[in-house]
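*Asks:* Following this line is run.tsv, made up of TSV, C-alpha atoms:
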chain	number	residue	atom	x	y	z
A	1	MET	CA	23.16	220.25	107.03
A	2	ILE	CA	26.17	222.53	106.59
A	3	LYS	CA	24.45	225.85	107.31
A	4	ALA	CA	26.26	226.44	110.64
A	5	PRO	CA	29.84	226.17	109.27
A	6	LEU	CA	28.90	228.37	106.29
A	7	ILE	CA	27.40	231.02	108.56
A	8	LEU	CA	30.55	230.95	110.71
A	9	LEU	CA	32.73	231.24	107.61
A	10	VAL	CA	30.78	234.24	106.31
A	11	PHE	CA	30.86	235.95	109.72
A	12	ILE	CA	34.62	235.59	110.23
A	13	PHE	CA	35.54	236.80	106.75
A	14	SER	CA	33.02	239.66	106.94
A	15	PHE	CA	34.53	240.74	110.25
A	16	GLY	CA	38.00	240.67	108.70
A	17	LEU	CA	36.87	242.79	105.75
A	18	PHE	CA	35.16	245.24	108.13
A	19	SER	CA	38.38	245.58	110.12
A	20	PHE	CA	40.35	246.32	106.97
A	21	LYS	CA	37.73	248.87	105.90
A	22	THR	CA	37.98	250.58	109.30
A	23	TYR	CA	41.77	250.66	108.99
A	24	ALA	CA	41.51	252.22	105.52
A	25	GLU	CA	39.09	254.85	106.79
A	26	GLU	CA	41.55	255.80	109.54
A	27	LEU	CA	44.10	256.67	106.85
A	28	SER	CA	41.58	258.65	104.80
A	29	ILE	CA	41.59	262.25	106.05
A	30	LYS	CA	39.02	264.94	105.37
A	31	GLU	CA	40.76	268.27	104.85
A	32	PRO	CA	39.49	271.36	106.70
A	33	ASP	CA	37.25	273.91	105.01
A	34	ILE	CA	39.34	277.10	104.95
A	35	GLN	CA	37.66	280.43	104.13
A	36	SER	CA	40.80	282.58	103.84
A	37	GLU	CA	42.12	283.19	100.33
A	38	SER	CA	45.49	281.56	100.89
A	39	ALA	CA	46.72	279.16	103.57
A	40	VAL	CA	49.32	276.52	104.31
A	41	LEU	CA	50.12	274.10	107.14
A	42	ILE	CA	53.59	272.60	107.43
A	43	ASP	CA	55.48	270.25	109.73
A	44	ALA	CA	57.90	272.62	111.47
A	45	LYS	CA	60.67	269.98	111.66
A	46	SER	CA	60.80	268.99	107.99
A	47	GLY	CA	58.98	271.83	106.25
A	48	GLN	CA	56.69	269.24	104.67
A	49	ILE	CA	53.38	270.69	103.48
A	50	LEU	CA	50.39	269.00	105.14
A	51	TYR	CA	47.68	271.30	103.76
A	52	SER	CA	47.67	273.94	101.04
A	53	LYS	CA	45.15	276.37	99.62
A	54	ASP	CA	46.66	278.58	96.91
A	55	SER	CA	49.76	278.71	99.08
A	56	ASP	CA	51.97	279.82	96.17
A	57	ALA	CA	49.74	282.79	95.26
A	58	ILE	CA	51.38	286.23	95.46
A	59	MET	CA	49.82	288.04	98.42
A	60	TYR	CA	50.23	291.11	100.65
A	61	PRO	CA	51.52	290.09	104.13
A	62	ALA	CA	50.83	293.21	106.27
A	63	SER	CA	52.56	293.09	109.68
A	64	VAL	CA	53.71	289.46	109.52
A	65	THR	CA	56.51	291.18	107.56
A	66	LYS	CA	57.93	292.07	110.96
A	67	MET	CA	59.08	288.47	111.47
A	68	ALA	CA	61.57	289.05	108.64
A	69	THR	CA	62.68	292.40	110.08
A	70	ALA	CA	63.19	290.81	113.49
A	71	ILE	CA	65.23	287.78	112.41
A	72	TYR	CA	67.36	289.85	110.03
A	73	ALA	CA	68.08	292.41	112.76
A	74	ILE	CA	68.89	289.64	115.25
A	75	GLU	CA	71.39	288.01	112.89
A	76	LYS	CA	72.83	291.25	111.53
A	77	GLY	CA	72.90	293.54	114.56
A	78	ASN	CA	74.19	293.71	118.11
A	79	MET	CA	71.39	293.45	120.64
A	80	GLU	CA	73.24	295.76	123.05
A	81	ASP	CA	73.47	298.60	120.51
A	82	ILE	CA	71.76	301.83	121.52
A	83	VAL	CA	69.56	303.21	118.74
A	84	THR	CA	68.75	306.92	118.48
A	85	ILE	CA	65.21	307.42	117.21
A	86	SER	CA	64.87	309.63	114.13
A	87	LYS	CA	62.10	312.05	113.14
A	88	ASN	CA	61.22	309.63	110.32
A	89	ALA	CA	60.70	306.75	112.76
A	90	ARG	CA	58.72	308.97	115.13
A	91	SER	CA	56.24	309.99	112.44
A	92	VAL	CA	55.48	306.63	110.76
A	93	ASP	CA	51.81	305.68	110.36
A	94	GLY	CA	49.96	302.78	111.96
A	95	THR	CA	50.55	300.82	115.16
A	96	ARG	CA	53.39	302.22	117.27
A	97	VAL	CA	55.20	301.97	120.58
A	98	TYR	CA	55.26	305.79	120.67
A	99	LEU	CA	58.98	306.37	120.34
A	100	GLU	CA	60.11	310.00	120.57
A	101	GLU	CA	62.61	311.73	118.30
A	102	GLY	CA	66.03	311.60	119.95
A	103	GLU	CA	65.02	308.83	122.37
A	104	GLN	CA	67.71	306.17	122.82
A	105	VAL	CA	66.57	302.55	122.94
A	106	PRO	CA	68.49	299.24	122.93
A	107	LEU	CA	68.13	297.29	119.68
A	108	LYS	CA	66.72	294.25	121.50
A	109	LYS	CA	63.98	296.37	123.06
A	110	LEU	CA	63.05	297.75	119.64
A	111	ILE	CA	62.70	294.21	118.29
A	112	GLN	CA	60.46	293.37	121.23
A	113	GLY	CA	58.29	296.42	120.55
A	114	LEU	CA	58.24	295.53	116.86
A	115	MET	CA	57.02	291.97	117.44
A	116	ILE	CA	54.88	292.16	120.58
A	117	ASN	CA	53.06	295.45	119.95
A	118	SER	CA	53.63	295.50	116.18
A	119	GLY	CA	55.36	298.88	116.42
A	120	ASN	CA	55.90	300.38	112.97
A	121	ASP	CA	58.07	303.11	114.50
A	122	ALA	CA	60.31	300.43	116.00
A	123	GLY	CA	60.60	298.82	112.56
A	124	VAL	CA	61.79	302.05	110.95
A	125	ALA	CA	64.25	302.70	113.78
A	126	ILE	CA	65.67	299.18	113.39
A	127	ALA	CA	66.01	299.58	109.62
A	128	GLU	CA	67.78	302.92	109.89
A	129	HIS	CA	70.17	301.58	112.51
A	130	ILE	CA	71.06	298.43	110.56
A	131	SER	CA	71.27	299.86	107.03
A	132	GLY	CA	71.04	303.65	107.21
A	133	ASP	CA	67.56	303.96	105.66
A	134	THR	CA	64.46	301.83	105.12
A	135	GLU	CA	64.99	301.40	101.35
A	136	THR	CA	68.49	299.95	101.71
A	137	PHE	CA	67.38	297.82	104.65
A	138	SER	CA	64.47	296.38	102.65
A	139	GLU	CA	66.74	295.48	99.72
A	140	GLU	CA	69.30	293.86	102.00
A	141	MET	CA	66.62	292.02	103.97
A	142	THR	CA	65.00	290.69	100.79
A	143	ALA	CA	68.40	289.46	99.57
A	144	PHE	CA	68.94	287.75	102.95
A	145	LEU	CA	65.53	286.08	102.74
A	146	LYS	CA	66.31	284.71	99.29
A	147	SER	CA	69.87	283.52	99.93
A	148	LYS	CA	69.68	282.42	103.57
A	149	VAL	CA	66.06	281.41	104.09
A	150	GLY	CA	65.19	280.31	100.56
A	151	LEU	CA	62.24	282.64	99.98
A	152	LEU	CA	62.06	282.84	96.19
A	153	HIS	CA	58.72	284.64	95.86
A	154	THR	CA	59.17	287.39	98.45
A	155	ASN	CA	59.96	291.06	97.87
A	156	PHE	CA	59.77	293.40	100.86
A	157	THR	CA	59.94	297.16	100.32
A	158	ASN	CA	59.65	298.22	103.96
A	159	PRO	CA	60.35	296.81	107.46
A	160	HIS	CA	56.78	296.95	108.82
A	161	GLY	CA	54.29	295.72	106.22
A	162	LEU	CA	52.35	298.89	105.46
A	163	PHE	CA	50.84	298.53	102.00
A	164	ASP	CA	52.98	298.81	98.90
A	165	PRO	CA	51.94	297.07	95.66
A	166	GLU	CA	55.44	295.62	95.35
A	167	HIS	CA	55.60	294.41	98.96
A	168	VAL	CA	54.58	290.78	98.40
A	169	THR	CA	55.14	287.20	99.47
A	170	THR	CA	53.36	283.82	99.56
A	171	ALA	CA	51.96	281.63	102.32
A	172	GLU	CA	54.64	279.02	101.60
A	173	ASP	CA	57.42	281.59	101.90
A	174	LEU	CA	56.01	282.86	105.20
A	175	ALA	CA	55.86	279.29	106.51
A	176	LYS	CA	59.55	278.85	105.60
A	177	LEU	CA	60.33	282.18	107.27
A	178	THR	CA	58.54	281.15	110.46
A	179	GLN	CA	60.32	277.78	110.43
A	180	TYR	CA	63.73	279.39	109.96
A	181	ALA	CA	63.27	282.25	112.43
A	182	SER	CA	61.77	280.11	115.20
A	183	GLN	CA	64.99	278.09	115.36
A	184	ASN	CA	66.71	281.21	116.68
A	185	GLU	CA	66.54	281.27	120.49
A	186	LEU	CA	66.04	285.03	120.87
A	187	PHE	CA	63.46	285.24	118.10
A	188	ARG	CA	61.54	282.33	119.59
A	189	GLU	CA	61.60	283.99	123.01
A	190	ILE	CA	60.16	287.24	121.62
A	191	PHE	CA	57.77	285.39	119.32
A	192	SER	CA	56.22	283.64	122.32
A	193	THR	CA	56.18	286.57	124.77
A	194	GLU	CA	52.64	287.17	126.02
A	195	GLU	CA	53.28	290.53	127.65
A	196	LEU	CA	56.17	292.88	128.39
A	197	LYS	CA	56.49	295.92	130.66
A	198	TRP	CA	57.43	298.90	128.49
A	199	ASP	CA	59.15	301.95	129.95
A	200	GLY	CA	59.50	304.53	127.21
A	201	GLU	CA	60.41	308.19	127.30
A	202	THR	CA	56.76	309.23	126.96
A	203	TRP	CA	54.89	305.93	127.14
A	204	ASP	CA	54.91	303.58	130.14
A	205	THR	CA	52.65	300.57	129.73
A	206	THR	CA	52.48	296.80	129.45
A	207	LEU	CA	52.67	295.46	125.89
A	208	HIS	CA	50.38	292.54	125.13
A	209	ASN	CA	51.05	290.19	122.24
A	210	HIS	CA	48.39	290.78	119.57
A	211	HIS	CA	48.14	287.09	118.64
A	212	LYS	CA	44.96	285.97	120.40
A	213	LEU	CA	45.83	282.27	120.63
A	214	LEU	CA	48.61	283.05	123.09
A	215	LYS	CA	46.50	284.50	125.90
A	216	VAL	CA	43.07	285.84	124.90
A	217	THR	CA	41.77	282.46	123.71
A	218	PRO	CA	44.68	280.10	124.55
A	219	TYR	CA	45.29	277.18	122.21
A	220	ASP	CA	46.79	273.98	123.59
A	221	GLY	CA	50.40	273.74	122.46
A	222	MET	CA	50.64	277.35	121.29
A	223	ILE	CA	54.25	278.58	121.04
A	224	GLY	CA	54.07	281.95	119.31
A	225	GLY	CA	52.78	283.97	116.42
A	226	LYS	CA	52.40	287.26	114.56
A	227	ASN	CA	49.29	288.86	113.18
A	228	GLY	CA	48.75	291.60	110.61
A	229	TYR	CA	46.16	293.73	108.89
A	230	VAL	CA	45.88	296.43	106.27
A	231	SER	CA	42.80	296.84	104.10
A	232	GLU	CA	44.59	295.64	100.95
A	233	SER	CA	45.90	292.45	102.59
A	234	GLY	CA	42.98	291.47	104.78
A	235	PHE	CA	43.80	289.72	108.04
A	236	THR	CA	47.05	287.73	108.07
A	237	LEU	CA	48.39	285.32	110.66
A	238	SER	CA	51.48	283.23	111.33
A	239	THR	CA	51.25	280.62	114.10
A	240	LEU	CA	53.62	278.06	115.64
A	241	ALA	CA	52.23	275.34	117.93
A	242	GLU	CA	53.55	272.00	119.09
A	243	ARG	CA	52.41	268.96	120.99
A	244	GLU	CA	54.05	265.65	121.81
A	245	ASN	CA	53.62	264.13	118.35
A	246	ILE	CA	54.37	267.07	116.01
A	247	SER	CA	55.25	270.75	115.69
A	248	LEU	CA	53.13	272.78	113.23
A	249	ILE	CA	53.26	276.12	111.44
A	250	ALA	CA	50.03	277.59	110.05
A	251	ILE	CA	49.87	280.61	107.74
A	252	ILE	CA	46.66	282.45	106.87
A	253	LEU	CA	46.52	285.25	104.27
A	254	ASN	CA	43.65	287.54	103.30
A	255	ALA	CA	40.98	286.44	105.74
A	256	LYS	CA	37.96	288.70	105.43
A	257	THR	CA	37.61	289.12	109.18
A	258	ASP	CA	39.79	288.75	112.25
A	259	ARG	CA	37.49	285.99	113.48
A	260	ILE	CA	37.90	284.01	110.26
A	261	SER	CA	41.69	284.24	110.45
A	262	TYR	CA	41.73	282.62	113.90
A	263	LYS	CA	38.98	280.13	113.08
A	264	ASP	CA	40.91	278.97	110.01
A	265	THR	CA	44.14	278.77	112.01
A	266	VAL	CA	42.55	276.55	114.65
A	267	LYS	CA	41.07	274.33	111.93
A	268	LEU	CA	44.51	273.87	110.40
A	269	LEU	CA	46.21	273.14	113.71
A	270	ASP	CA	43.48	270.70	114.81
A	271	TYR	CA	43.77	268.97	111.45
A	272	GLY	CA	47.52	268.60	111.84
A	273	PHE	CA	47.52	267.44	115.44
A	274	ASN	CA	44.63	264.99	114.93
A	275	HIS	CA	45.92	263.30	111.79
A	276	PHE	CA	49.72	263.53	111.56
A	277	THR	CA	52.79	262.61	113.53
A	278	SER	CA	56.44	263.58	113.08
A	279	GLU	CA	59.14	260.92	112.80
A	280	PHE	CA	62.73	260.73	111.67
A	281	ILE	CA	65.31	258.35	110.28
A	282	ALA	CA	68.42	258.47	112.41
A	283	GLU	CA	71.79	259.69	111.25
A	284	ASP	CA	74.11	256.89	110.02
A	285	THR	CA	71.17	254.61	109.15
A	286	ALA	CA	72.32	252.50	106.19
A	287	PHE	CA	70.43	251.65	103.00
A	288	GLU	CA	71.16	249.51	99.96
A	289	ASP	CA	70.19	250.10	96.36
A	290	GLN	CA	69.26	247.29	93.95
A	291	SER	CA	72.91	246.68	93.08
A	292	GLY	CA	73.91	246.16	96.71
A	293	GLN	CA	75.71	249.49	97.06
A	294	GLU	CA	75.35	250.85	100.58
A	295	PHE	CA	74.45	254.43	101.41
A	296	THR	CA	73.91	256.27	104.65
A	297	LEU	CA	72.39	259.45	106.05
A	298	SER	CA	74.81	262.17	107.12
A	299	GLU	CA	72.10	263.84	109.25
A	300	PRO	CA	68.66	262.87	110.61
A	301	LEU	CA	65.84	262.96	108.05
A	302	TYR	CA	62.60	264.31	109.50
A	303	TYR	CA	59.20	263.74	107.93
A	304	ALA	CA	55.52	263.76	108.85
A	305	LYS	CA	53.15	260.89	108.15
A	306	LYS	CA	49.51	260.13	108.78
A	307	LEU	CA	48.67	258.46	112.05
A	308	ASN	CA	48.47	254.65	111.77
A	309	GLU	CA	50.22	254.78	108.39
A	310	SER	CA	53.12	252.54	107.43
A	311	ILE	CA	55.80	254.05	105.22
A	312	SER	CA	58.28	252.55	102.76
A	313	GLU	CA	61.80	253.58	101.85
A	314	ASP	CA	63.45	253.03	98.49
A	315	VAL	CA	66.91	253.97	97.23
A	316	ASP	CA	67.61	254.39	93.51
A	317	LEU	CA	70.96	253.74	91.83
A	318	ASN	CA	71.95	257.39	92.28
A	319	GLY	CA	71.64	257.12	96.06
A	320	MET	CA	68.40	259.12	96.28
A	321	LEU	CA	66.22	257.97	99.17
A	322	ALA	CA	62.45	258.24	98.67
A	323	VAL	CA	60.08	257.89	101.63
A	324	GLU	CA	56.53	257.07	100.52
A	325	GLY	CA	53.18	256.69	102.23
A	326	GLU	CA	50.74	253.83	101.79
A	327	ASP	CA	48.94	255.67	98.97
A	328	GLY	CA	52.18	256.04	97.04
A	329	ARG	CA	52.61	259.78	97.72
A	330	LYS	CA	56.17	260.97	98.22
A	331	ILE	CA	56.62	262.09	101.83
A	332	ALA	CA	60.32	262.96	101.74
A	333	SER	CA	63.43	262.52	99.63
A	334	HIS	CA	67.09	262.90	100.47
A	335	LYS	CA	70.43	262.43	98.71
A	336	LEU	CA	72.38	259.75	100.57
A	337	LYS	CA	76.13	259.45	101.08
A	338	PRO	CA	77.88	256.33	99.69
A	339	VAL	CA	79.34	254.06	102.37
A	340	ILE	CA	83.06	253.43	102.02
A	341	ALA	CA	84.14	249.81	102.52
A	342	ASP	CA	84.91	248.93	106.16
A	343	ALA	CA	83.37	252.16	107.45
A	344	GLY	CA	82.32	251.71	111.06
A	345	ASN	CA	79.48	252.85	113.21
A	346	VAL	CA	76.82	252.42	110.53
A	347	VAL	CA	73.39	251.24	111.58
A	348	LYS	CA	72.17	248.53	109.22
A	349	GLY	CA	68.66	248.57	107.88
A	350	THR	CA	66.03	251.29	107.73
A	351	VAL	CA	63.89	253.05	110.26
A	352	SER	CA	61.18	250.49	109.66
A	353	ASP	CA	63.57	247.76	110.88
A	354	VAL	CA	64.46	249.69	114.01
A	355	GLN	CA	61.05	251.05	114.94
A	356	PRO	CA	58.05	249.46	113.19
A	357	SER	CA	55.23	251.95	112.72
A	358	LEU	CA	51.84	251.62	114.34
A	359	GLY	CA	50.27	251.12	110.92
A	360	GLN	CA	52.47	248.11	110.19
A	361	SER	CA	51.61	246.61	113.57
A	362	ILE	CA	47.88	246.99	112.93
A	363	LEU	CA	48.20	245.47	109.46
A	364	HIS	CA	50.17	242.54	110.85
A	365	ASP	CA	47.49	241.92	113.49
A	366	HIS	CA	44.75	241.89	110.84
A	367	LEU	CA	46.62	239.36	108.70
A	368	LYS	CA	47.36	237.19	111.71
A	369	PHE	CA	43.68	237.21	112.69
A	370	ILE	CA	42.51	236.16	109.21
A	371	VAL	CA	45.10	233.36	108.92
A	372	MET	CA	44.18	231.94	112.32
A	373	SER	CA	40.47	232.26	111.57
A	374	SER	CA	40.87	230.47	108.23
A	375	PHE	CA	42.78	227.66	109.92
A	376	ALA	CA	40.01	227.27	112.50
A	377	ILE	CA	37.38	227.12	109.75
A	378	VAL	CA	39.30	224.40	107.92
A	379	LEU	CA	39.46	222.32	111.12
A	380	LEU	CA	35.72	222.78	111.66
A	381	LEU	CA	34.91	221.74	108.09
A	382	VAL	CA	37.21	218.69	108.27
A	383	GLY	CA	35.63	217.60	111.57
A	384	TYR	CA	32.14	218.08	110.16
A	385	PHE	CA	33.07	216.06	107.04
A	386	PHE	CA	34.32	213.08	109.09
A	387	ARG	CA	31.22	213.13	111.27
A	388	GLN	CA	29.05	212.93	108.17
A	389	VAL	CA	31.17	210.04	106.78
A	390	ARG	CA	30.86	208.06	110.02
A	391	ARG	CA	27.08	208.39	109.93
A	392	LEU	CA	26.94	206.77	106.44
As structure tokens, how would this structure be written, given the file I've shared?
*Replies:*
Amino acid sequence: MIKAPLILLVFIFSFGLFSFKTYAEELSIKEPDIQSESAVLIDAKSGQILYSKDSDAIMYPASVTKMATAIYAIEKGNMEDIVTISKNARSVDGTRVYLEEGEQVPLKKLIQGLMINSGNDAGVAIAEHISGDTETFSEEMTAFLKSKVGLLHTNFTNPHGLFDPEHVTTAEDLAKLTQYASQNELFREIFSTEELKWDGETWDTTLHNHHKLLKVTPYDGMIGGKNGYVSESGFTLSTLAERENISLIAIILNAKTDRISYKDTVKLLDYGFNHFTSEFIAEDTAFEDQSGQEFTLSEPLYYAKKLNESISEDVDLNGMLAVEGEDGRKIASHKLKPVIADAGNVVKGTVSDVQPSLGQSILHDHLKFIVMSSFAIVLLLVGYFFRQVRRL
């Protein structure tokens, strides 16, 4: 006699469980299958690692080295300086922009030739102009990368990336380098240049950026990149791309073929764009620890989270803010500044109070549905019970 209410009860609760299962599956992400020996994908705003495959392994970078040469020269030199090309620069091996001994070229143009056409001769000319010789330049550049950019596992012995057993770095360091350098307006402009008319003393041509995702096979959101290859390093690639929800940096080291390097890069970028979004907690947002002491952010805190994921923030007694995902993983941490009594212009609460995430909204809707459904079932059962009593 009570089969109908029981069937309804089972259906409603089964539907609720199915909805929760679907929500959980949305947060579960399958990582891409990467063939290259070493790779990393980071959120360009925060530097947060979103994917890693042996990204701390010591590797040979080949011509992606030139990103370091370019940003160091931009920060150290004067772009209007006229550089006289030496015999040493003229005779360097590998890819060139065919500079002639005695030719005079503006420093900015050399950096363009270095990055767009991967000119090894331009790299040597830049090094000699900045530091006198390539050895001194490499030492000074490596010191700059350690102290200014935070590259702790990088040692560059030349400005172009031709093989040297001591010329090494890691995928993580190259991601940090790309993140740092791309914040410089001139570097970013050159990094993203698709082609450039080149008028040299003996070589007039149009330089085309060697990174294929810029023009040959355009990728949606592509900003810029640098490729490299020597036999000892395999194919290497640094790529910056951004869309509305997030900006990403992908590094590939020691791909066996050029095709694999680009295929792996696209896999990483698709993975990042399809599954993550970038958010931030605003400057001056206030937090409280368990004792009631207030703290605040002195600058915005950027982080990346999974789509449809709610995050939590917790402050310990030392004023360290921890941002965690639903699975308990630490997404970001930041040392907060204590709030002095009566300090003004402090936003109370956390980012979750100001802007609830999509994940929280979905979870709230699920709970609301189940509560309302349960209430309806109770009413149905009560009504059925009274009808049975009246029949007796």
*Asks:* With all atoms listed in the file as the basis for distance, which of A:Phe276, A:Leu107, A:Val266, A:Gly228 is at the shortest distance from Asn245 (chain A)?
*Replies:*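 Closest to Asn245 (chain A), using all atoms listed in the file: A:Phe276.
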*Asks:* Rounded to one decimal, what separation in Å do you get between CA of Ser55 (chain A) and CA of Gly224 (chain A)?
*Replies:*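 If I compute the distance from CA of Ser55 (chain A) to CA of Gly224 (chain A), I get 20.9 Å.
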*Asks:* Around (66.1, 256.5, 98.0) in the file's frame, which residues reach within 8 Å when counting only C-alpha atoms? Return as a ChimeraX atom specification?
*Replies:* /A:289,313-316,319-323,333-336
*Asks:* If you count only C-alpha atoms, which residues fall within 12 Å of Ala122 (chain A), apart from same-chain ones fewer than 6 positions away, as a PyMOL selection string?
*Replies:* chain A and resi 66+69-70+73+83-86+88-101+103-116+128-129+134+159-160+200
*Asks:* Please return the centre and edge lengths, in Å to one decimal, of a box with edges along x, y and z that contains all listed atoms of region 88-93 of chain A, widened by 6 Å on every side, as AutoDock Vina command-line options.
*Replies:*
--center_x 56.5 --center_y 307.8 --center_z 112.7 --size_x 21.4 --size_y 16.3 --size_z 16.8
*Asks:* Taking only C-alpha atoms into account, name the residue in A:Asp204, A:Pro61, A:Gly225, A:Lys76 that is nearest to Asn155 (chain A).
*Replies:*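 Once distances to Asn155 (chain A) are computed over only C-alpha atoms, the minimum belongs to A:Pro61.
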*Asks:* Rounded to one decimal, what separation in Å do you get between CA of Ile42 (chain A) and CA of Ile249 (chain A)?
*Replies:*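 Straight-line distance from CA of Ile42 (chain A) to CA of Ile249 (chain A) works out to 5.3 Å.
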*Asks:* Grab the CA of Glu166 (chain A) to CA of Lys212 (chain A) distance for me, in Å with one decimal place.
*Replies:* 28.8 Å
*Asks:* Please provide the set of residues having any atom within 9 Å of Lys45 (chain A), restricted to all atoms listed in the file, with same-chain residues fewer than 6 positions apart removed, written as an mmCIF file with C-alpha atoms, in the frame of the given file.
*Replies:*
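The resulting selection-v2.cif:
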data_model
loop_
_atom_site.group_PDB
_atom_site.id
_atom_site.type_symbol
_atom_site.label_atom_id
_atom_site.label_comp_id
_atom_site.auth_asym_id
_atom_site.auth_seq_id
_atom_site.Cartn_x
_atom_site.Cartn_y
_atom_site.Cartn_z
ATOM 1 C CA GLN A 179 60.320 277.780 110.430
ATOM 2 C CA ILE A 246 54.370 267.070 116.010
ATOM 3 C CA SER A 247 55.250 270.750 115.690
ATOM 4 C CA LEU A 248 53.130 272.780 113.230
ATOM 5 C CA SER A 278 56.440 263.580 113.080
ATOM 6 C CA TYR A 302 62.600 264.310 109.500
ATOM 7 C CA TYR A 303 59.200 263.740 107.930
ATOM 8 C CA ALA A 304 55.520 263.760 108.850
#
*Asks:* Nearest to Ser38 (chain A): which of A:Lys337, A:Lys226, A:Lys256, A:His167 is it, counting all atoms listed in the file?
*Replies:*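 Closest to Ser38 (chain A) of all the choices is A:Lys256.
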*Asks:* Find the residues around Thr136 (chain A) up to 12 Å (only C-alpha atoms counted), leave out those fewer than 3 positions away in its own chain, and share them as an NGL selection string.
*Replies:* :A and (124 or 127-133 or 139-143 or 156-159)
*Asks:* Would you list the contacts of Thr296 (chain A) as a list of chain:residue names, taking every protein, DNA or RNA residue within 8 Å and counting all atoms listed in the file, but skipping same-chain residues closer than 5 positions in sequence?
*Replies:*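 Close residues of Thr296 (chain A): A:Glu283, A:Asp284, A:Thr285, A:Ala286, A:Phe287, A:Leu336, A:Lys337, A:Pro338, A:Val339, A:Val346.
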